[in-house]
Structures are given as structure tokens and as C-alpha cells.
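Shown below: target.cif, with mmCIF, N, CA and C atoms.
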```
data_data
#
loop_
_atom_site.group_PDB
_atom_site.id
_atom_site.type_symbol
_atom_site.label_atom_id
_atom_site.label_comp_id
_atom_site.auth_asym_id
_atom_site.auth_seq_id
_atom_site.Cartn_x
_atom_site.Cartn_y
_atom_site.Cartn_z
ATOM 1 N N ALA A 1 92.250 125.579 125.688
ATOM 2 C CA ALA A 1 92.293 124.821 126.922
ATOM 3 C C ALA A 1 91.602 125.609 128.033
ATOM 4 N N ALA A 2 91.027 124.881 128.939
ATOM 5 C CA ALA A 2 90.329 125.514 130.059
ATOM 6 C C ALA A 2 91.332 126.205 130.971
ATOM 7 N N ARG A 3 90.941 127.345 131.490
ATOM 8 C CA ARG A 3 91.827 128.117 132.346
ATOM 9 C C ARG A 3 91.281 128.327 133.741
ATOM 10 N N ALA A 4 90.030 127.928 133.980
ATOM 11 C CA ALA A 4 89.431 128.140 135.295
ATOM 12 C C ALA A 4 88.553 126.952 135.654
ATOM 13 N N GLY A 5 88.634 126.540 136.906
ATOM 14 C CA GLY A 5 87.775 125.485 137.427
ATOM 15 C C GLY A 5 86.785 126.094 138.399
ATOM 16 N N LEU A 6 85.512 125.839 138.175
ATOM 17 C CA LEU A 6 84.468 126.394 139.020
ATOM 18 C C LEU A 6 83.819 125.268 139.815
ATOM 19 N N VAL A 7 83.825 125.401 141.126
ATOM 20 C CA VAL A 7 83.238 124.378 141.991
ATOM 21 C C VAL A 7 81.722 124.484 141.914
ATOM 22 N N MET A 8 81.076 123.340 141.752
ATOM 23 C CA MET A 8 79.614 123.288 141.737
ATOM 24 C C MET A 8 79.158 123.013 143.164
ATOM 25 N N PHE A 9 78.483 123.977 143.765
ATOM 26 C CA PHE A 9 78.094 123.872 145.166
ATOM 27 C C PHE A 9 76.822 123.058 145.334
ATOM 28 N N ASN A 10 76.749 122.386 146.488
ATOM 29 C CA ASN A 10 75.541 121.658 146.843
ATOM 30 C C ASN A 10 74.487 122.653 147.300
ATOM 31 N N LYS A 11 73.304 122.536 146.753
ATOM 32 C CA LYS A 11 72.187 123.365 147.181
ATOM 33 C C LYS A 11 71.174 122.449 147.863
ATOM 34 N N PRO A 12 70.381 122.986 148.770
ATOM 35 C CA PRO A 12 69.345 122.149 149.385
ATOM 36 C C PRO A 12 68.393 121.605 148.319
ATOM 37 N N GLN A 13 68.046 120.355 148.435
ATOM 38 C CA GLN A 13 67.157 119.742 147.451
ATOM 39 C C GLN A 13 65.722 120.167 147.702
ATOM 40 N N ASP A 14 64.930 120.179 146.651
ATOM 41 C CA ASP A 14 63.525 120.574 146.711
ATOM 42 C C ASP A 14 63.370 121.955 147.320
ATOM 43 N N SER A 15 64.232 122.844 146.938
ATOM 44 C CA SER A 15 64.174 124.203 147.471
ATOM 45 C C SER A 15 63.547 125.128 146.450
ATOM 46 N N ILE A 16 63.362 126.361 146.832
ATOM 47 C CA ILE A 16 62.792 127.352 145.923
ATOM 48 C C ILE A 16 63.734 127.598 144.743
ATOM 49 N N PHE A 17 65.033 127.361 144.951
ATOM 50 C CA PHE A 17 65.996 127.539 143.870
ATOM 51 C C PHE A 17 65.706 126.574 142.728
ATOM 52 N N ASP A 18 65.356 125.324 143.069
ATOM 53 C CA ASP A 18 65.031 124.349 142.034
ATOM 54 C C ASP A 18 63.770 124.760 141.295
ATOM 55 N N TRP A 19 62.804 125.333 142.022
ATOM 56 C CA TRP A 19 61.562 125.763 141.398
ATOM 57 C C TRP A 19 61.810 126.926 140.442
ATOM 58 N N ILE A 20 62.700 127.841 140.833
ATOM 59 C CA ILE A 20 62.971 129.015 140.009
ATOM 60 C C ILE A 20 63.895 128.677 138.841
ATOM 61 N N PHE A 21 64.992 127.991 139.124
ATOM 62 C CA PHE A 21 66.034 127.794 138.125
ATOM 63 C C PHE A 21 66.021 126.412 137.475
ATOM 64 N N GLY A 22 65.149 125.508 137.911
ATOM 65 C CA GLY A 22 65.098 124.167 137.337
ATOM 66 C C GLY A 22 65.979 123.204 138.121
ATOM 67 N N THR A 23 65.965 121.957 137.703
ATOM 68 C CA THR A 23 66.743 120.918 138.383
ATOM 69 C C THR A 23 68.228 121.209 138.253
ATOM 70 N N PRO A 24 68.939 121.192 139.370
ATOM 71 C CA PRO A 24 70.374 121.481 139.282
ATOM 72 C C PRO A 24 71.138 120.359 138.578
ATOM 73 N N ASP A 25 72.162 120.749 137.839
ATOM 74 C CA ASP A 25 72.984 119.772 137.134
ATOM 75 C C ASP A 25 73.750 118.876 138.099
ATOM 76 N N LEU A 26 73.925 119.318 139.321
ATOM 77 C CA LEU A 26 74.704 118.569 140.302
ATOM 78 C C LEU A 26 74.145 117.165 140.518
ATOM 79 N N GLU A 27 72.826 117.025 140.457
ATOM 80 C CA GLU A 27 72.227 115.699 140.639
ATOM 81 C C GLU A 27 72.634 114.762 139.505
ATOM 82 N N TYR A 28 72.751 115.283 138.300
ATOM 83 C CA TYR A 28 73.183 114.462 137.168
ATOM 84 C C TYR A 28 74.662 114.067 137.321
ATOM 85 N N TYR A 29 75.464 114.996 137.823
ATOM 86 C CA TYR A 29 76.878 114.688 138.084
ATOM 87 C C TYR A 29 76.987 113.578 139.135
ATOM 88 N N ARG A 30 76.199 113.705 140.196
ATOM 89 C CA ARG A 30 76.242 112.717 141.278
ATOM 90 C C ARG A 30 75.812 111.341 140.755
ATOM 91 N N LYS A 31 74.773 111.328 139.926
ATOM 92 C CA LYS A 31 74.296 110.058 139.363
ATOM 93 C C LYS A 31 75.356 109.439 138.460
ATOM 94 N N ALA A 32 76.015 110.248 137.638
ATOM 95 C CA ALA A 32 77.070 109.746 136.749
ATOM 96 C C ALA A 32 78.254 109.218 137.554
ATOM 97 N N ALA A 33 78.610 109.912 138.636
ATOM 98 C CA ALA A 33 79.725 109.465 139.471
ATOM 99 C C ALA A 33 79.388 108.126 140.138
ATOM 100 N N THR A 34 78.161 107.971 140.585
ATOM 101 C CA THR A 34 77.732 106.714 141.208
ATOM 102 C C THR A 34 77.767 105.575 140.199
ATOM 103 N N MET A 35 77.299 105.841 138.982
ATOM 104 C CA MET A 35 77.326 104.814 137.937
ATOM 105 C C MET A 35 78.761 104.432 137.570
ATOM 106 N N SER A 36 79.649 105.421 137.486
ATOM 107 C CA SER A 36 81.054 105.145 137.159
ATOM 108 C C SER A 36 81.724 104.346 138.262
ATOM 109 N N ALA A 37 81.437 104.721 139.511
ATOM 110 C CA ALA A 37 82.029 104.004 140.640
ATOM 111 C C ALA A 37 81.575 102.547 140.637
ATOM 112 N N ALA A 38 80.301 102.314 140.321
ATOM 113 C CA ALA A 38 79.801 100.938 140.281
ATOM 114 C C ALA A 38 80.405 100.159 139.118
ATOM 115 N N LYS A 39 80.548 100.806 137.974
ATOM 116 C CA LYS A 39 81.078 100.112 136.789
ATOM 117 C C LYS A 39 82.548 99.749 136.946
ATOM 118 N N TYR A 40 83.344 100.673 137.470
ATOM 119 C CA TYR A 40 84.786 100.446 137.551
ATOM 120 C C TYR A 40 85.243 99.952 138.913
ATOM 121 N N GLY A 41 84.328 99.738 139.833
ATOM 122 C CA GLY A 41 84.663 99.174 141.140
ATOM 123 C C GLY A 41 85.493 100.097 142.011
ATOM 124 N N ILE A 42 85.284 101.391 141.896
ATOM 125 C CA ILE A 42 86.013 102.337 142.747
ATOM 126 C C ILE A 42 85.051 102.894 143.801
ATOM 127 N N GLN A 43 85.651 103.361 144.872
ATOM 128 C CA GLN A 43 84.835 103.892 145.966
ATOM 129 C C GLN A 43 84.616 105.384 145.758
ATOM 130 N N LEU A 44 83.369 105.791 145.841
ATOM 131 C CA LEU A 44 82.991 107.187 145.678
ATOM 132 C C LEU A 44 83.088 107.895 147.022
ATOM 133 N N ALA A 45 83.598 109.103 147.010
ATOM 134 C CA ALA A 45 83.685 109.888 148.243
ATOM 135 C C ALA A 45 82.288 110.130 148.784
ATOM 136 N N GLU A 46 82.196 110.290 150.095
ATOM 137 C CA GLU A 46 80.898 110.505 150.732
ATOM 138 C C GLU A 46 80.250 111.803 150.250
ATOM 139 N N ASP A 47 81.051 112.847 150.156
ATOM 140 C CA ASP A 47 80.546 114.131 149.674
ATOM 141 C C ASP A 47 81.514 114.655 148.608
ATOM 142 N N PRO A 48 81.375 114.173 147.363
ATOM 143 C CA PRO A 48 82.327 114.557 146.323
ATOM 144 C C PRO A 48 82.199 116.032 145.939
ATOM 145 N N ILE A 49 83.304 116.583 145.476
ATOM 146 C CA ILE A 49 83.323 117.964 144.991
ATOM 147 C C ILE A 49 83.410 117.888 143.473
ATOM 148 N N PHE A 50 82.432 118.493 142.819
ATOM 149 C CA PHE A 50 82.393 118.488 141.366
ATOM 150 C C PHE A 50 82.864 119.838 140.850
ATOM 151 N N VAL A 51 83.628 119.789 139.759
ATOM 152 C CA VAL A 51 84.196 120.995 139.167
ATOM 153 C C VAL A 51 83.815 121.029 137.695
ATOM 154 N N THR A 52 83.468 122.202 137.229
ATOM 155 C CA THR A 52 83.240 122.386 135.800
ATOM 156 C C THR A 52 84.316 123.344 135.291
ATOM 157 N N TRP A 53 84.783 123.115 134.087
ATOM 158 C CA TRP A 53 85.885 123.897 133.551
ATOM 159 C C TRP A 53 85.369 124.976 132.608
ATOM 160 N N ALA A 54 86.041 126.114 132.620
ATOM 161 C CA ALA A 54 85.637 127.234 131.766
ATOM 162 C C ALA A 54 86.880 127.875 131.165
ATOM 163 N N MET A 55 86.686 128.437 129.997
ATOM 164 C CA MET A 55 87.784 129.137 129.335
ATOM 165 C C MET A 55 88.086 130.464 130.027
ATOM 166 N N ASN A 56 87.027 131.137 130.469
ATOM 167 C CA ASN A 56 87.192 132.466 131.033
ATOM 168 C C ASN A 56 86.248 132.601 132.228
ATOM 169 N N SER A 57 86.787 132.764 133.413
ATOM 170 C CA SER A 57 85.944 132.857 134.608
ATOM 171 C C SER A 57 85.136 134.145 134.633
ATOM 172 N N ASP A 58 85.632 135.203 133.999
ATOM 173 C CA ASP A 58 84.880 136.460 133.965
ATOM 174 C C ASP A 58 83.583 136.317 133.179
ATOM 175 N N SER A 59 83.634 135.592 132.063
ATOM 176 C CA SER A 59 82.416 135.413 131.273
ATOM 177 C C SER A 59 81.392 134.570 132.038
ATOM 178 N N VAL A 60 81.855 133.619 132.827
ATOM 179 C CA VAL A 60 80.939 132.817 133.647
ATOM 180 C C VAL A 60 80.301 133.697 134.716
ATOM 181 N N GLU A 61 81.107 134.566 135.322
ATOM 182 C CA GLU A 61 80.580 135.481 136.336
ATOM 183 C C GLU A 61 79.513 136.393 135.741
ATOM 184 N N HIS A 62 79.777 136.923 134.559
ATOM 185 C CA HIS A 62 78.813 137.812 133.912
ATOM 186 C C HIS A 62 77.537 137.066 133.518
ATOM 187 N N SER A 63 77.644 135.792 133.220
ATOM 188 C CA SER A 63 76.445 135.031 132.850
ATOM 189 C C SER A 63 75.562 134.737 134.065
ATOM 190 N N LEU A 64 76.109 134.833 135.268
ATOM 191 C CA LEU A 64 75.323 134.589 136.482
ATOM 192 C C LEU A 64 74.506 135.804 136.911
ATOM 193 N N TRP A 65 74.851 136.990 136.445
ATOM 194 C CA TRP A 65 74.134 138.200 136.834
ATOM 195 C C TRP A 65 72.656 138.167 136.469
ATOM 196 N N PRO A 66 72.256 137.716 135.289
ATOM 197 C CA PRO A 66 70.812 137.659 134.998
ATOM 198 C C PRO A 66 70.048 136.742 135.959
ATOM 199 N N GLN A 67 70.660 135.619 136.355
ATOM 200 C CA GLN A 67 70.006 134.738 137.329
ATOM 201 C C GLN A 67 69.853 135.439 138.668
ATOM 202 N N ALA A 68 70.883 136.147 139.094
ATOM 203 C CA ALA A 68 70.811 136.869 140.369
ATOM 204 C C ALA A 68 69.748 137.954 140.312
ATOM 205 N N ARG A 69 69.693 138.683 139.208
ATOM 206 C CA ARG A 69 68.686 139.731 139.043
ATOM 207 C C ARG A 69 67.280 139.141 139.064
ATOM 208 N N ASN A 70 67.060 138.049 138.353
ATOM 209 C CA ASN A 70 65.747 137.411 138.315
ATOM 210 C C ASN A 70 65.330 136.911 139.691
ATOM 211 N N PHE A 71 66.277 136.354 140.432
ATOM 212 C CA PHE A 71 65.970 135.884 141.783
ATOM 213 C C PHE A 71 65.576 137.053 142.672
ATOM 214 N N TRP A 72 66.306 138.148 142.596
ATOM 215 C CA TRP A 72 65.996 139.337 143.399
ATOM 216 C C TRP A 72 64.610 139.887 143.050
ATOM 217 N N LEU A 73 64.311 139.981 141.755
ATOM 218 C CA LEU A 73 63.003 140.486 141.339
ATOM 219 C C LEU A 73 61.871 139.578 141.813
ATOM 220 N N LEU A 74 62.049 138.287 141.662
ATOM 221 C CA LEU A 74 61.007 137.344 142.060
ATOM 222 C C LEU A 74 60.764 137.382 143.563
ATOM 223 N N THR A 75 61.828 137.378 144.353
ATOM 224 C CA THR A 75 61.641 137.410 145.807
ATOM 225 C C THR A 75 61.065 138.745 146.255
ATOM 226 N N SER A 76 61.425 139.835 145.596
ATOM 227 C CA SER A 76 60.850 141.137 145.940
ATOM 228 C C SER A 76 59.360 141.160 145.632
ATOM 229 N N LEU A 77 58.977 140.621 144.483
ATOM 230 C CA LEU A 77 57.562 140.585 144.124
ATOM 231 C C LEU A 77 56.767 139.646 145.032
ATOM 232 N N MET A 78 57.402 138.592 145.495
ATOM 233 C CA MET A 78 56.733 137.684 146.428
ATOM 234 C C MET A 78 56.586 138.317 147.803
ATOM 235 N N ALA A 79 57.526 139.156 148.204
ATOM 236 C CA ALA A 79 57.474 139.782 149.515
ATOM 237 C C ALA A 79 56.426 140.881 149.585
ATOM 238 N N LEU A 80 56.141 141.540 148.472
ATOM 239 C CA LEU A 80 55.197 142.648 148.466
ATOM 240 C C LEU A 80 53.811 142.245 148.965
ATOM 241 N N PRO A 81 53.164 141.200 148.434
ATOM 242 C CA PRO A 81 51.845 140.850 148.965
ATOM 243 C C PRO A 81 51.887 140.341 150.405
ATOM 244 N N ILE A 82 52.970 139.707 150.781
ATOM 245 C CA ILE A 82 53.094 139.221 152.156
ATOM 246 C C ILE A 82 53.148 140.411 153.119
ATOM 247 N N CYS A 83 53.935 141.413 152.799
ATOM 248 C CA CYS A 83 54.036 142.601 153.651
ATOM 249 C C CYS A 83 52.724 143.381 153.679
ATOM 250 N N ALA A 84 52.055 143.491 152.540
ATOM 251 C CA ALA A 84 50.780 144.204 152.492
ATOM 252 C C ALA A 84 49.728 143.484 153.330
ATOM 253 N N THR A 85 49.689 142.171 153.254
ATOM 254 C CA THR A 85 48.741 141.391 154.053
ATOM 255 C C THR A 85 49.038 141.525 155.537
ATOM 256 N N ALA A 86 50.300 141.452 155.916
ATOM 257 C CA ALA A 86 50.680 141.589 157.321
ATOM 258 C C ALA A 86 50.328 142.975 157.845
ATOM 259 N N SER A 87 50.525 143.996 157.036
ATOM 260 C CA SER A 87 50.197 145.358 157.442
ATOM 261 C C SER A 87 48.693 145.523 157.632
ATOM 262 N N ALA A 88 47.902 145.007 156.699
ATOM 263 C CA ALA A 88 46.438 145.096 156.813
ATOM 264 C C ALA A 88 45.941 144.320 158.022
ATOM 265 N N LEU A 89 46.510 143.163 158.268
ATOM 266 C CA LEU A 89 46.131 142.358 159.422
ATOM 267 C C LEU A 89 46.477 143.065 160.725
ATOM 268 N N ALA A 90 47.628 143.689 160.783
ATOM 269 C CA ALA A 90 48.022 144.435 161.988
ATOM 270 C C ALA A 90 47.079 145.609 162.227
ATOM 271 N N GLU A 91 46.674 146.269 161.163
ATOM 272 C CA GLU A 91 45.739 147.397 161.291
ATOM 273 C C GLU A 91 44.387 146.930 161.812
ATOM 274 N N VAL A 92 43.885 145.829 161.286
ATOM 275 C CA VAL A 92 42.595 145.290 161.729
ATOM 276 C C VAL A 92 42.681 144.856 163.186
ATOM 277 N N LEU A 93 43.736 144.141 163.543
ATOM 278 C CA LEU A 93 43.879 143.667 164.922
ATOM 279 C C LEU A 93 44.038 144.824 165.905
ATOM 280 N N SER A 94 44.726 145.860 165.511
ATOM 281 C CA SER A 94 44.898 146.991 166.423
ATOM 282 C C SER A 94 43.591 147.756 166.613
ATOM 283 N N SER A 95 42.733 147.804 165.602
ATOM 284 C CA SER A 95 41.458 148.507 165.749
ATOM 285 C C SER A 95 40.469 147.687 166.578
ATOM 286 N N LEU A 96 40.625 146.377 166.616
ATOM 287 C CA LEU A 96 39.729 145.530 167.407
ATOM 288 C C LEU A 96 39.981 145.664 168.901
ATOM 289 N N SER A 97 41.192 145.975 169.296
ATOM 290 C CA SER A 97 41.543 146.002 170.710
ATOM 291 C C SER A 97 41.327 147.371 171.361
ATOM 292 N N VAL A 98 40.881 148.362 170.594
ATOM 293 C CA VAL A 98 40.662 149.703 171.153
ATOM 294 C C VAL A 98 39.267 149.745 171.784
ATOM 295 N N PRO A 99 39.152 150.125 173.086
ATOM 296 C CA PRO A 99 37.834 150.196 173.722
ATOM 297 C C PRO A 99 37.002 151.342 173.143
ATOM 298 N N LYS A 100 35.680 151.175 173.160
ATOM 299 C CA LYS A 100 34.782 152.209 172.630
ATOM 300 C C LYS A 100 34.882 153.456 173.490
ATOM 301 N N GLY A 101 34.843 154.598 172.857
ATOM 302 C CA GLY A 101 34.926 155.864 173.565
ATOM 303 C C GLY A 101 36.349 156.302 173.864
ATOM 304 N N TYR A 102 37.317 155.511 173.476
ATOM 305 C CA TYR A 102 38.721 155.861 173.745
ATOM 306 C C TYR A 102 39.149 156.958 172.787
ATOM 307 N N VAL A 103 39.720 158.010 173.325
ATOM 308 C CA VAL A 103 40.245 159.100 172.509
ATOM 309 C C VAL A 103 41.752 159.121 172.713
ATOM 310 N N PRO A 104 42.499 158.947 171.645
ATOM 311 C CA PRO A 104 43.960 158.968 171.800
ATOM 312 C C PRO A 104 44.458 160.281 172.346
ATOM 313 N N PHE A 105 45.577 160.247 172.999
ATOM 314 C CA PHE A 105 46.166 161.416 173.663
ATOM 315 C C PHE A 105 46.392 162.548 172.685
ATOM 316 N N PHE A 106 46.829 162.236 171.479
ATOM 317 C CA PHE A 106 47.173 163.302 170.530
ATOM 318 C C PHE A 106 45.945 163.957 169.903
ATOM 319 N N GLU A 107 44.717 163.433 170.114
ATOM 320 C CA GLU A 107 43.520 164.066 169.580
ATOM 321 C C GLU A 107 42.803 164.948 170.605
ATOM 322 N N LYS A 108 43.275 165.036 171.820
ATOM 323 C CA LYS A 108 42.613 165.833 172.870
ATOM 324 C C LYS A 108 42.831 167.314 172.659
#
```
Could you express the structure from this file as C-alpha cells?
Amino acid sequence: AARAGLVMFNKPQDSIFDWIFGTPDLEYYRKAATMSAAKYGIQLAEDPIFVTWAMNSDSVEHSLWPQARNFWLLTSLMALPICATASALAEVLSSLSVPKGYVPFFEK
């Protein structure tokens, strides 16, 4: 028998999370709930809370670590070229604004 209920959180739609991890199951749950409400004539809550059941919450927690690690690695790798480009751009812009013949104070 299940011993732990895990709430499935709403994530922003069409976000980078969907691109990295695929389509969230929550949309399928929402679609099934809408179909059930229509079939049985019951009113669906405006913002329903969906729960998935697990035998062991610790094993579910441990299974999320690879996703967290992959997300961290991907965002770190994406940030590297952005930071390098910003640094190079700042260097170019700072050299353009220096008047000719200017000698910095520390080189005198």
C-alpha cells in the first residue's frame, strides 16, 4: 500500500523546464480530470491539486537528484557563453571610450 502522497506542483507552461524535462504529466492529469468531470457531471475545482502516491518518499526524493544535477549542469553551461560574451563586450566598449593619448594613473 502507498505510504506517501506527493503533490504535483503547477509549473509555468512553455517554460525551459518543459524543454529540458519534456511535457509535464500535470497536463495529462488536468485533461483526465476535465474529461471525468464532463462525463460524470461534477464540477471541477478552479485550481485542482493533484497527488501521486508512492511506497517510499525517500526513493522518490533520491530519484529527483539526477534531474536537479542535470538542470544545474545545463544552466551552468548555458551561462558560460553568456558571461564570456558580456565580458568581451564590456572590454570592447571600455576601450572605445578611452581618449587617445590617455595614460592611466597607475602607469605614470
Original post:
Which distance in Å separates atom CA of A:Phe50 and atom CA of A:Met8, to one decimal?
Top reply: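 So the answer is 5.6 Å.
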Original post:
By how many Å are atom C of A:Ser63 and atom C of A:Gly5 apart?
Top reply: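 So the two atoms, atom C of A:Ser63 and atom C of A:Gly5, lie 14.8 Å apart.
Atom pair atom CA of A:Leu74 / atom C of A:Leu89 has a distance of 24.3 Å (rounded to one decimal).
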Subject >> All alpha helix (DSSP H) positions in stretch 71-105 of chain A, as a PyMOL selection string >> reply: chain A and resi 71-96
Quick one: write out the picked residues with N, CA and C atoms as a PDB file, keeping the file's coordinate frame?
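Final output, selection_34.pdb:
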```pdb
ATOM      1  N   PHE A  71      66.277 136.354 140.432  1.00  0.00           N
ATOM      2  CA  PHE A  71      65.970 135.884 141.783  1.00  0.00           C
ATOM      3  C   PHE A  71      65.576 137.053 142.672  1.00  0.00           C
ATOM      4  N   TRP A  72      66.306 138.148 142.596  1.00  0.00           N
ATOM      5  CA  TRP A  72      65.996 139.337 143.399  1.00  0.00           C
ATOM      6  C   TRP A  72      64.610 139.887 143.050  1.00  0.00           C
ATOM      7  N   LEU A  73      64.311 139.981 141.755  1.00  0.00           N
ATOM      8  CA  LEU A  73      63.003 140.486 141.339  1.00  0.00           C
ATOM      9  C   LEU A  73      61.871 139.578 141.813  1.00  0.00           C
ATOM     10  N   LEU A  74      62.049 138.287 141.662  1.00  0.00           N
ATOM     11  CA  LEU A  74      61.007 137.344 142.060  1.00  0.00           C
ATOM     12  C   LEU A  74      60.764 137.382 143.563  1.00  0.00           C
ATOM     13  N   THR A  75      61.828 137.378 144.353  1.00  0.00           N
ATOM     14  CA  THR A  75      61.641 137.410 145.807  1.00  0.00           C
ATOM     15  C   THR A  75      61.065 138.745 146.255  1.00  0.00           C
ATOM     16  N   SER A  76      61.425 139.835 145.596  1.00  0.00           N
ATOM     17  CA  SER A  76      60.850 141.137 145.940  1.00  0.00           C
ATOM     18  C   SER A  76      59.360 141.160 145.632  1.00  0.00           C
ATOM     19  N   LEU A  77      58.977 140.621 144.483  1.00  0.00           N
ATOM     20  CA  LEU A  77      57.562 140.585 144.124  1.00  0.00           C
ATOM     21  C   LEU A  77      56.767 139.646 145.032  1.00  0.00           C
ATOM     22  N   MET A  78      57.402 138.592 145.495  1.00  0.00           N
ATOM     23  CA  MET A  78      56.733 137.684 146.428  1.00  0.00           C
ATOM     24  C   MET A  78      56.586 138.317 147.803  1.00  0.00           C
ATOM     25  N   ALA A  79      57.526 139.156 148.204  1.00  0.00           N
ATOM     26  CA  ALA A  79      57.474 139.782 149.515  1.00  0.00           C
ATOM     27  C   ALA A  79      56.426 140.881 149.585  1.00  0.00           C
ATOM     28  N   LEU A  80      56.141 141.540 148.472  1.00  0.00           N
ATOM     29  CA  LEU A  80      55.197 142.648 148.466  1.00  0.00           C
ATOM     30  C   LEU A  80      53.811 142.245 148.965  1.00  0.00           C
ATOM     31  N   PRO A  81      53.164 141.200 148.434  1.00  0.00           N
ATOM     32  CA  PRO A  81      51.845 140.850 148.965  1.00  0.00           C
ATOM     33  C   PRO A  81      51.887 140.341 150.405  1.00  0.00           C
ATOM     34  N   ILE A  82      52.970 139.707 150.781  1.00  0.00           N
ATOM     35  CA  ILE A  82      53.094 139.221 152.156  1.00  0.00           C
ATOM     36  C   ILE A  82      53.148 140.411 153.119  1.00  0.00           C
ATOM     37  N   CYS A  83      53.935 141.413 152.799  1.00  0.00           N
ATOM     38  CA  CYS A  83      54.036 142.601 153.651  1.00  0.00           C
ATOM     39  C   CYS A  83      52.724 143.381 153.679  1.00  0.00           C
ATOM     40  N   ALA A  84      52.055 143.491 152.540  1.00  0.00           N
ATOM     41  CA  ALA A  84      50.780 144.204 152.492  1.00  0.00           C
ATOM     42  C   ALA A  84      49.728 143.484 153.330  1.00  0.00           C
ATOM     43  N   THR A  85      49.689 142.171 153.254  1.00  0.00           N
ATOM     44  CA  THR A  85      48.741 141.391 154.053  1.00  0.00           C
ATOM     45  C   THR A  85      49.038 141.525 155.537  1.00  0.00           C
ATOM     46  N   ALA A  86      50.300 141.452 155.916  1.00  0.00           N
ATOM     47  CA  ALA A  86      50.680 141.589 157.321  1.00  0.00           C
ATOM     48  C   ALA A  86      50.328 142.975 157.845  1.00  0.00           C
ATOM     49  N   SER A  87      50.525 143.996 157.036  1.00  0.00           N
ATOM     50  CA  SER A  87      50.197 145.358 157.442  1.00  0.00           C
ATOM     51  C   SER A  87      48.693 145.523 157.632  1.00  0.00           C
ATOM     52  N   ALA A  88      47.902 145.007 156.699  1.00  0.00           N
ATOM     53  CA  ALA A  88      46.438 145.096 156.813  1.00  0.00           C
ATOM     54  C   ALA A  88      45.941 144.320 158.022  1.00  0.00           C
ATOM     55  N   LEU A  89      46.510 143.163 158.268  1.00  0.00           N
ATOM     56  CA  LEU A  89      46.131 142.358 159.422  1.00  0.00           C
ATOM     57  C   LEU A  89      46.477 143.065 160.725  1.00  0.00           C
ATOM     58  N   ALA A  90      47.628 143.689 160.783  1.00  0.00           N
ATOM     59  CA  ALA A  90      48.022 144.435 161.988  1.00  0.00           C
ATOM     60  C   ALA A  90      47.079 145.609 162.227  1.00  0.00           C
ATOM     61  N   GLU A  91      46.674 146.269 161.163  1.00  0.00           N
ATOM     62  CA  GLU A  91      45.739 147.397 161.291  1.00  0.00           C
ATOM     63  C   GLU A  91      44.387 146.930 161.812  1.00  0.00           C
ATOM     64  N   VAL A  92      43.885 145.829 161.286  1.00  0.00           N
ATOM     65  CA  VAL A  92      42.595 145.290 161.729  1.00  0.00           C
ATOM     66  C   VAL A  92      42.681 144.856 163.186  1.00  0.00           C
ATOM     67  N   LEU A  93      43.736 144.141 163.543  1.00  0.00           N
ATOM     68  CA  LEU A  93      43.879 143.667 164.922  1.00  0.00           C
ATOM     69  C   LEU A  93      44.038 144.824 165.905  1.00  0.00           C
ATOM     70  N   SER A  94      44.726 145.860 165.511  1.00  0.00           N
ATOM     71  CA  SER A  94      44.898 146.991 166.423  1.00  0.00           C
ATOM     72  C   SER A  94      43.591 147.756 166.613  1.00  0.00           C
ATOM     73  N   SER A  95      42.733 147.804 165.602  1.00  0.00           N
ATOM     74  CA  SER A  95      41.458 148.507 165.749  1.00  0.00           C
ATOM     75  C   SER A  95      40.469 147.687 166.578  1.00  0.00           C
ATOM     76  N   LEU A  96      40.625 146.377 166.616  1.00  0.00           N
ATOM     77  CA  LEU A  96      39.729 145.530 167.407  1.00  0.00           C
ATOM     78  C   LEU A  96      39.981 145.664 168.901  1.00  0.00           C
TER      79      LEU A  96
END
```
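Every residue of stretch 30-95 of chain A found in strand (DSSP E or B) when DSSP is run on the backbone appears here: Phe50, Val51, Thr52, Trp53 and Ala54 of chain A.
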Original post:
Got a sec to resolve the PyMOL selection byres ((chain A and resi 4) around 7) on this structure and send the residues as a list in words?
Top reply: Ala1, Ala2, Arg3, Gly5, Leu6, Thr52, Trp53, Ala54, Met55, Asn56 and Ser57 of chain A
Export of prior selection with N, CA and C atoms as a PDB file, in the coordinates of the input:
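The resulting file, again25.pdb, is reproduced below:
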```pdb
ATOM      1  N   ALA A   1      92.250 125.579 125.688  1.00  0.00           N
ATOM      2  CA  ALA A   1      92.293 124.821 126.922  1.00  0.00           C
ATOM      3  C   ALA A   1      91.602 125.609 128.033  1.00  0.00           C
ATOM      4  N   ALA A   2      91.027 124.881 128.939  1.00  0.00           N
ATOM      5  CA  ALA A   2      90.329 125.514 130.059  1.00  0.00           C
ATOM      6  C   ALA A   2      91.332 126.205 130.971  1.00  0.00           C
ATOM      7  N   ARG A   3      90.941 127.345 131.490  1.00  0.00           N
ATOM      8  CA  ARG A   3      91.827 128.117 132.346  1.00  0.00           C
ATOM      9  C   ARG A   3      91.281 128.327 133.741  1.00  0.00           C
ATOM     10  N   GLY A   5      88.634 126.540 136.906  1.00  0.00           N
ATOM     11  CA  GLY A   5      87.775 125.485 137.427  1.00  0.00           C
ATOM     12  C   GLY A   5      86.785 126.094 138.399  1.00  0.00           C
ATOM     13  N   LEU A   6      85.512 125.839 138.175  1.00  0.00           N
ATOM     14  CA  LEU A   6      84.468 126.394 139.020  1.00  0.00           C
ATOM     15  C   LEU A   6      83.819 125.268 139.815  1.00  0.00           C
ATOM     16  N   THR A  52      83.468 122.202 137.229  1.00  0.00           N
ATOM     17  CA  THR A  52      83.240 122.386 135.800  1.00  0.00           C
ATOM     18  C   THR A  52      84.316 123.344 135.291  1.00  0.00           C
ATOM     19  N   TRP A  53      84.783 123.115 134.087  1.00  0.00           N
ATOM     20  CA  TRP A  53      85.885 123.897 133.551  1.00  0.00           C
ATOM     21  C   TRP A  53      85.369 124.976 132.608  1.00  0.00           C
ATOM     22  N   ALA A  54      86.041 126.114 132.620  1.00  0.00           N
ATOM     23  CA  ALA A  54      85.637 127.234 131.766  1.00  0.00           C
ATOM     24  C   ALA A  54      86.880 127.875 131.165  1.00  0.00           C
ATOM     25  N   MET A  55      86.686 128.437 129.997  1.00  0.00           N
ATOM     26  CA  MET A  55      87.784 129.137 129.335  1.00  0.00           C
ATOM     27  C   MET A  55      88.086 130.464 130.027  1.00  0.00           C
ATOM     28  N   ASN A  56      87.027 131.137 130.469  1.00  0.00           N
ATOM     29  CA  ASN A  56      87.192 132.466 131.033  1.00  0.00           C
ATOM     30  C   ASN A  56      86.248 132.601 132.228  1.00  0.00           C
ATOM     31  N   SER A  57      86.787 132.764 133.413  1.00  0.00           N
ATOM     32  CA  SER A  57      85.944 132.857 134.608  1.00  0.00           C
ATOM     33  C   SER A  57      85.136 134.145 134.633  1.00  0.00           C
TER      34      SER A  57
END
```
May I have the centre and edge lengths, in Å to one decimal, of an axis-aligned box around the listed atoms of stretch 82-99 of chain A with 6 Å added to every side, as JSON?
```
{"center_x": 45.5, "center_y": 145.3, "center_z": 162.3, "size_x": 29.0, "size_y": 24.1, "size_z": 34.9}
```
